[in-house]
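Asker: Pasting in a structure now, in structure tokens, and then I'll have a few things to ask.
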Amino acid sequence: MAPRTVAPFGPQHPVFPEPIQLKITYEDEKVVNVVPAIGYGHRGIEKACELNEYQKNIYLCERICGICSCIHGISYCEVVERLWPIDVPPRAKYLRTIWSEMSRTHSHLLWLGLMADAFGFESMFMQFWRIREKVLDLLEMTTGQRVTHSVSVIGGVRRDIDDEQKKKCIKVLMEVRKESEALINVFINDYTVKARTVGKGVLTKEQAIALGCTGPHLRASGVKEDCRMQGLQAYGDLGFEPIVEKDGDSYARSVVRCRELLQAIDLQLEAFSKMPEGEIAVRPKGNPPANEAFYRAEQPRGEVVYYAKGNGTRNLERLHVRTPTYANIPSLLVMLPGCELPDVPVIIHSLDPCISCTER
Amino acid sequence: MIENIKEIKKDELLAEVKKFADAKARFVTAVCNDLGDKLEVTYFFNMSPGMEMHGLRITVGKDEEVPSTTGIFLATVLVENEMKEMFGLKVKDIAIDFGGHMLLAQDSPVTPMLKTEAAGRKGGE
């Protein structure tokens with residue numbers, strides 16, 4: 001038996017935009033054991049949410065993550081609205097859906113660019129990010145901000161999308177779809193991409209369920225689960241069907257994200273065509289009652305869970321946030337042992353890890 | 001009000017969790033609440049098809065030991081460590097036990113999520 005070596009992978013590593021460490025034990029080039037270490041940037045946001053008034057927590061929750069800040073803000077509002085409960089106007093539900101899918105679009109484009117960069121495809125990285133800029137421009141035009149939008153409030157949304165903005169959004173989204181589709185065709189058919197991802201980091205359907213995986217990671221293993229299937233917000237009107245692949249490897253996870261990128265654009269176009277007229281917010285009365293509520297939404301990286309407990313005051317008794325990467329980390333304990341050391345970055349990156357979310 | 005939460009005794013926890021594993025449920029999360037002299041822990045599971053949520057709730061004294069569910073669902077490993085260090089929940093036999101320092105550093109406040117005076121002390125005080 002070859003001697004075993006333990007090597008730290010991270011917390012500073014080119015494949016990690018944020019700090020996390022994996023203590024990897026390997027024999028020759030083969031990984032035999034992995035222990036994750038987190039906590040390098042924990043911010044105590046759950047505790048901070050108990051200390052702040054419930055309206056102010058929207059801004060805190062949006063700062064859990066920069067890339068999925070919009071859905072964090074919406075999810076927080078949704079869970080607090082369930083405490084009363086408050087019925088949000090239909091137009092606000094559509095607007096929340098559109099902004100959620102815009103966030104998914106730019107997040108998947110960001111991931112595709114980073115994945116291309118990890119393979120050394122600099123030009124493809126730049127092309128994906130060039131397209132992503134157009135989506136960020138749409139978010140800036142409709143919400144006023146490119147990253148942290150602060151557009152959702154308890155009871156609805158803060159801003160509406162007028163007809164002129166709607167026309168611009170539809171025009172740009174159609175361009176983004178066409179350009180993304182062309183690049184995706186190159187990406188998923190490329191020899192090097194396949195050589196680095198096919199059969200790497202395989203997770204079976206049974207393992208994915210047992211390990212509590214979520215999002216594209218779960219669906220790439222053949223599990224048809226997506227929080228949008230619940231039909232919340234406007235998804236019930238949009239005929240949503242989750243995208244599923246069967247092979248459970250890094251390539252399948254990449255393909256799920258590519259297909260979801262195009263689907264997210266289609267969902268936005270459909271939502272624009274069906275969006276009803278009307279109010280965009282109702283004003284909540286009083287404080288959240290002594291009650292508890294649970295809400296699940298589909299972020300780009302998977303299911304985010306918000307649990308809130310009210311006590312009748314302006315402050316919440318408890319807020320718990322379970323982010324998708326937090327749920328996906330345990331699967332690394334199964335996926336990495338047995339793989340070759342050079343495959344570790346690709347397998348980790350195929351999860352699209354967000355450490356900022358994990359360290360909420 | 002959250003539907004489908006079943007209140008159980010601590011001694012029934014592992015047997016009830018095993019039922020979810022046998023039913024091919026997916027572990028979603030666990031939430032700990034400080035009730036003053038007790039801690040309330042709720043484990044949430046997703047059942048397919050239909051994405052139904054089910055919960056198991058136990059209430060234990062702050063000095064009581066709670067068995068780890070990581071032997072059944074490895075997915076609970078992070079959240080059990082987190083409840084242990086943030087609330088002081090005495091979880092026994094976690095598959096990977098970070099010893100109270102998964103998220104908190106050696107000199108961080110201990111059990112910061114508790115609402116009592118025990119929260120906020122520095123490690124070692």
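Ordering of the structure tokens sets the chain letters (A, B, ...); residue numbers start at 1 within each chain; ligands are numbered from 1 in the order shown.
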Within 9 Å of chain B, which residues belong to chain A? Use only C-alpha atoms and report them as a PyMOL selection string.
Answerer: chain A and resi 35+37-42+44+46-47+82-83+206+208-214+224-227+229-230+291-294+303+305+307+317-318+320+322+326-331+359
Asker: Export N, CA and C atoms of the chosen residues as a compact mmCIF listing (two decimals), in the first residue's frame?
Answerer:
# COMPACT_ATOMS: atom_id res chain seq x y z
N VAL A 35 -12.34 15.40 4.57
CA VAL A 35 -13.04 16.04 5.69
C VAL A 35 -13.17 17.53 5.36
N ALA A 37 -13.85 21.49 6.02
CA ALA A 37 -13.72 22.44 7.14
C ALA A 37 -14.28 23.78 6.68
N ILE A 38 -15.33 24.23 7.36
CA ILE A 38 -15.92 25.53 7.03
C ILE A 38 -15.78 26.45 8.24
N GLY A 39 -16.30 27.64 8.13
CA GLY A 39 -16.25 28.56 9.26
C GLY A 39 -15.26 29.69 9.08
N TYR A 40 -14.69 29.83 7.88
CA TYR A 40 -13.71 30.89 7.66
C TYR A 40 -14.35 32.27 7.51
N GLY A 41 -15.64 32.28 7.19
CA GLY A 41 -16.27 33.59 7.01
C GLY A 41 -17.68 33.63 7.57
N HIS A 42 -17.92 32.88 8.66
CA HIS A 42 -19.29 32.84 9.21
C HIS A 42 -19.66 34.21 9.78
N GLY A 44 -22.95 35.01 11.28
CA GLY A 44 -23.97 35.07 12.33
C GLY A 44 -25.22 35.81 11.91
N GLU A 46 -28.16 34.64 11.16
CA GLU A 46 -29.38 34.16 11.83
C GLU A 46 -29.57 34.89 13.17
N LYS A 47 -28.48 35.06 13.90
CA LYS A 47 -28.56 35.76 15.18
C LYS A 47 -28.89 37.24 14.95
N ARG A 82 -46.01 34.28 5.50
CA ARG A 82 -46.75 33.10 5.94
C ARG A 82 -47.06 33.14 7.43
N LEU A 83 -46.31 33.92 8.20
CA LEU A 83 -46.58 34.00 9.64
C LEU A 83 -47.94 34.64 9.91
N GLU A 206 -29.93 7.01 -5.50
CA GLU A 206 -30.13 6.62 -4.10
C GLU A 206 -29.19 7.40 -3.18
N ALA A 208 -27.81 10.34 -3.82
CA ALA A 208 -28.17 11.77 -3.82
C ALA A 208 -29.31 12.04 -2.84
N ILE A 209 -30.27 11.14 -2.78
CA ILE A 209 -31.38 11.31 -1.84
C ILE A 209 -30.90 11.11 -0.41
N ALA A 210 -30.14 10.04 -0.19
CA ALA A 210 -29.69 9.72 1.17
C ALA A 210 -28.78 10.81 1.73
N LEU A 211 -28.02 11.47 0.85
CA LEU A 211 -27.08 12.50 1.31
C LEU A 211 -27.71 13.89 1.35
N GLY A 212 -29.00 13.99 1.05
CA GLY A 212 -29.71 15.26 1.18
C GLY A 212 -29.32 16.29 0.14
N CYS A 213 -28.88 15.82 -1.04
CA CYS A 213 -28.46 16.77 -2.08
C CYS A 213 -29.66 17.56 -2.60
N THR A 214 -29.35 18.63 -3.28
CA THR A 214 -30.43 19.49 -3.75
C THR A 214 -30.01 20.21 -5.04
N LYS A 224 -36.40 13.87 -9.72
CA LYS A 224 -37.25 14.94 -10.25
C LYS A 224 -37.79 15.76 -9.09
N GLU A 225 -36.95 16.61 -8.54
CA GLU A 225 -37.37 17.47 -7.43
C GLU A 225 -36.85 18.89 -7.66
N ASP A 226 -37.75 19.82 -7.60
CA ASP A 226 -37.42 21.22 -7.80
C ASP A 226 -38.49 22.01 -7.06
N CYS A 227 -38.09 22.96 -6.23
CA CYS A 227 -39.08 23.69 -5.42
C CYS A 227 -40.09 24.44 -6.28
N MET A 229 -41.72 23.21 -8.51
CA MET A 229 -42.85 22.28 -8.73
C MET A 229 -43.99 22.53 -7.74
N GLN A 230 -43.71 23.22 -6.63
CA GLN A 230 -44.76 23.51 -5.66
C GLN A 230 -45.80 24.49 -6.22
N ASN A 291 -46.14 32.60 15.89
CA ASN A 291 -46.45 31.51 14.97
C ASN A 291 -45.12 31.06 14.36
N GLU A 292 -45.13 29.96 13.67
CA GLU A 292 -43.92 29.55 12.96
C GLU A 292 -44.29 29.18 11.53
N ALA A 293 -43.35 29.37 10.62
CA ALA A 293 -43.61 29.13 9.20
C ALA A 293 -42.34 28.60 8.53
N PHE A 294 -42.55 27.97 7.40
CA PHE A 294 -41.48 27.30 6.66
C PHE A 294 -41.67 27.62 5.20
N GLU A 303 -32.29 24.05 -3.44
CA GLU A 303 -33.36 24.42 -2.52
C GLU A 303 -32.82 25.25 -1.35
N VAL A 305 -34.02 26.96 2.27
CA VAL A 305 -35.09 26.76 3.26
C VAL A 305 -35.07 27.92 4.24
N TYR A 307 -36.95 29.16 7.75
CA TYR A 307 -37.84 28.86 8.86
C TYR A 307 -37.90 30.11 9.74
N GLU A 317 -38.47 35.65 16.83
CA GLU A 317 -37.92 34.80 17.88
C GLU A 317 -36.75 33.98 17.31
N ARG A 318 -36.90 33.57 16.04
CA ARG A 318 -35.87 32.71 15.43
C ARG A 318 -36.01 32.77 13.92
N HIS A 320 -34.12 30.65 10.72
CA HIS A 320 -33.14 29.64 10.30
C HIS A 320 -33.10 29.61 8.78
N ARG A 322 -31.38 27.41 5.64
CA ARG A 322 -30.56 26.28 5.15
C ARG A 322 -30.31 26.52 3.66
N TYR A 326 -24.82 24.22 1.61
CA TYR A 326 -24.76 23.58 2.93
C TYR A 326 -25.28 22.14 2.84
N ALA A 327 -26.32 21.95 2.04
CA ALA A 327 -26.90 20.62 1.87
C ALA A 327 -26.05 19.74 0.95
N ASN A 328 -25.32 20.37 0.04
CA ASN A 328 -24.56 19.58 -0.95
C ASN A 328 -23.17 19.18 -0.47
N ILE A 329 -22.65 19.85 0.55
CA ILE A 329 -21.28 19.55 1.02
C ILE A 329 -21.13 18.08 1.48
N PRO A 330 -22.09 17.51 2.25
CA PRO A 330 -21.88 16.11 2.68
C PRO A 330 -21.68 15.13 1.51
N SER A 331 -22.22 15.45 0.33
CA SER A 331 -22.06 14.52 -0.80
C SER A 331 -20.59 14.41 -1.24
N GLU A 359 -21.84 30.06 4.78
CA GLU A 359 -21.36 30.80 5.97
C GLU A 359 -22.31 31.94 6.29
Asker: For Val66 of chain B, find every residue with an atom within 7 Å (counting only C-alpha atoms), except residues of its own chain fewer than 2 positions away, and show them as an mmCIF file with N, CA, C and O atoms, in the first residue's frame.
Answerer:
data_model
loop_
_atom_site.group_PDB
_atom_site.id
_atom_site.type_symbol
_atom_site.label_atom_id
_atom_site.label_comp_id
_atom_site.auth_asym_id
_atom_site.auth_seq_id
_atom_site.Cartn_x
_atom_site.Cartn_y
_atom_site.Cartn_z
ATOM 1 N N LYS B 10 -37.414 11.783 22.930
ATOM 2 C CA LYS B 10 -36.017 11.674 22.503
ATOM 3 C C LYS B 10 -35.640 10.212 22.198
ATOM 4 O O LYS B 10 -34.930 9.938 21.235
ATOM 5 N N GLU B 64 -29.397 17.406 28.649
ATOM 6 C CA GLU B 64 -29.666 16.046 28.157
ATOM 7 C C GLU B 64 -28.875 15.738 26.892
ATOM 8 O O GLU B 64 -28.730 16.603 26.026
ATOM 9 N N SER B 68 -27.047 11.138 17.853
ATOM 10 C CA SER B 68 -26.853 11.668 16.500
ATOM 11 C C SER B 68 -27.608 10.822 15.484
ATOM 12 O O SER B 68 -27.690 9.597 15.614
ATOM 13 N N LYS B 90 -26.390 18.819 23.246
ATOM 14 C CA LYS B 90 -25.409 17.749 23.489
ATOM 15 C C LYS B 90 -25.693 16.557 22.577
ATOM 16 O O LYS B 90 -26.338 15.588 22.985
ATOM 17 N N VAL B 91 -25.204 16.647 21.349
ATOM 18 C CA VAL B 91 -25.422 15.568 20.384
ATOM 19 C C VAL B 91 -24.288 14.547 20.542
ATOM 20 O O VAL B 91 -23.107 14.910 20.520
ATOM 21 N N LYS B 92 -24.685 13.299 20.697
ATOM 22 C CA LYS B 92 -23.716 12.232 20.985
ATOM 23 C C LYS B 92 -23.411 11.424 19.723
ATOM 24 O O LYS B 92 -24.321 11.096 18.974
#
Asker: At most 9 Å is the cut-off: for each residue in segment 241-284 of chain A with any atom that close to an atom of segment 148-159 of chain A, write down the nearest atom pair and the distance in Å rounded to one decimal, counting only C-alpha atoms, chain first then increasing number, as JSON lines.
Answerer:
{"residue": "A:Glu279", "atom": "CA", "partner": "A:Gly156", "partner_atom": "CA", "distance": 8.8}
{"residue": "A:Ile280", "atom": "CA", "partner": "A:Gly156", "partner_atom": "CA", "distance": 5.7}
{"residue": "A:Ala281", "atom": "CA", "partner": "A:Gly156", "partner_atom": "CA", "distance": 4.0}
{"residue": "A:Val282", "atom": "CA", "partner": "A:Gly155", "partner_atom": "CA", "distance": 4.9}
{"residue": "A:Arg283", "atom": "CA", "partner": "A:Gly155", "partner_atom": "CA", "distance": 5.9}
{"residue": "A:Pro284", "atom": "CA", "partner": "A:Gly155", "partner_atom": "CA", "distance": 6.3}
Asker: Please dump the current selection as a PDB file, in the first residue's frame; keep all heavy atoms.
Answerer:
ATOM      1  N   GLU A 279     -52.200  45.798  -8.340  1.00  0.00           N
ATOM      2  CA  GLU A 279     -51.335  46.284  -7.261  1.00  0.00           C
ATOM      3  C   GLU A 279     -50.057  45.452  -7.199  1.00  0.00           C
ATOM      4  O   GLU A 279     -50.041  44.285  -7.625  1.00  0.00           O
ATOM      5  CB  GLU A 279     -52.067  46.182  -5.917  1.00  0.00           C
ATOM      6  CG  GLU A 279     -53.291  47.074  -5.803  1.00  0.00           C
ATOM      7  CD  GLU A 279     -52.899  48.540  -5.790  1.00  0.00           C
ATOM      8  OE1 GLU A 279     -51.985  48.899  -5.025  1.00  0.00           O
ATOM      9  OE2 GLU A 279     -53.488  49.314  -6.566  1.00  0.00           O
ATOM     10  N   ILE A 280     -49.010  46.045  -6.631  1.00  0.00           N
ATOM     11  CA  ILE A 280     -47.761  45.290  -6.487  1.00  0.00           C
ATOM     12  C   ILE A 280     -47.405  45.023  -5.021  1.00  0.00           C
ATOM     13  O   ILE A 280     -46.411  44.352  -4.743  1.00  0.00           O
ATOM     14  CB  ILE A 280     -46.588  45.980  -7.209  1.00  0.00           C
ATOM     15  CG1 ILE A 280     -46.360  47.391  -6.656  1.00  0.00           C
ATOM     16  CG2 ILE A 280     -46.803  45.990  -8.712  1.00  0.00           C
ATOM     17  CD1 ILE A 280     -45.027  47.997  -7.110  1.00  0.00           C
ATOM     18  N   ALA A 281     -48.205  45.545  -4.096  1.00  0.00           N
ATOM     19  CA  ALA A 281     -47.894  45.286  -2.676  1.00  0.00           C
ATOM     20  C   ALA A 281     -49.107  45.579  -1.804  1.00  0.00           C
ATOM     21  O   ALA A 281     -49.946  46.415  -2.162  1.00  0.00           O
ATOM     22  CB  ALA A 281     -46.713  46.131  -2.222  1.00  0.00           C
ATOM     23  N   VAL A 282     -49.174  44.866  -0.693  1.00  0.00           N
ATOM     24  CA  VAL A 282     -50.138  45.208   0.354  1.00  0.00           C
ATOM     25  C   VAL A 282     -49.338  45.525   1.612  1.00  0.00           C
ATOM     26  O   VAL A 282     -48.240  44.993   1.805  1.00  0.00           O
ATOM     27  CB  VAL A 282     -51.127  44.050   0.641  1.00  0.00           C
ATOM     28  CG1 VAL A 282     -52.057  43.832  -0.521  1.00  0.00           C
ATOM     29  CG2 VAL A 282     -50.390  42.757   0.991  1.00  0.00           C
ATOM     30  N   ARG A 283     -49.881  46.409   2.425  1.00  0.00           N
ATOM     31  CA  ARG A 283     -49.117  46.826   3.609  1.00  0.00           C
ATOM     32  C   ARG A 283     -49.473  45.903   4.791  1.00  0.00           C
ATOM     33  O   ARG A 283     -50.658  45.775   5.137  1.00  0.00           O
ATOM     34  CB  ARG A 283     -49.466  48.273   3.958  1.00  0.00           C
ATOM     35  CG  ARG A 283     -48.662  48.830   5.118  1.00  0.00           C
ATOM     36  CD  ARG A 283     -49.036  50.282   5.349  1.00  0.00           C
ATOM     37  NE  ARG A 283     -48.468  51.141   4.320  1.00  0.00           N
ATOM     38  CZ  ARG A 283     -47.250  51.671   4.399  1.00  0.00           C
ATOM     39  NH1 ARG A 283     -46.491  51.431   5.441  1.00  0.00           N
ATOM     40  NH2 ARG A 283     -46.786  52.446   3.441  1.00  0.00           N
ATOM     41  N   PRO A 284     -48.472  45.281   5.412  1.00  0.00           N
ATOM     42  CA  PRO A 284     -48.781  44.434   6.581  1.00  0.00           C
ATOM     43  C   PRO A 284     -49.183  45.285   7.773  1.00  0.00           C
ATOM     44  O   PRO A 284     -48.682  46.406   7.936  1.00  0.00           O
ATOM     45  CB  PRO A 284     -47.460  43.702   6.835  1.00  0.00           C
ATOM     46  CG  PRO A 284     -46.407  44.551   6.232  1.00  0.00           C
ATOM     47  CD  PRO A 284     -47.038  45.292   5.093  1.00  0.00           C
TER      48      PRO A 284
END
Asker: Just the strand (DSSP E or B) stuff from chain B, please, per backbone DSSP, written as a count of residues only.
Answerer: 40
Asker: Skipping near chain neighbours, those fewer than 2 positions away, what residues fall within 10 Å of segment 107-114 of chain A using only C-alpha atoms, listed as number ranges by chain?
Answerer: A: 15, 17, 66-68, 101-105, 116-133, 135, 180, 183-184, 187, 254, 257-262, 264, 299-301, 349-353
Asker: Using backbone DSSP assignments, extract all helix (DSSP H, G or I) residues from segment 59-91 of chain B; output them as number ranges by chain.
Answerer: B: 74-87
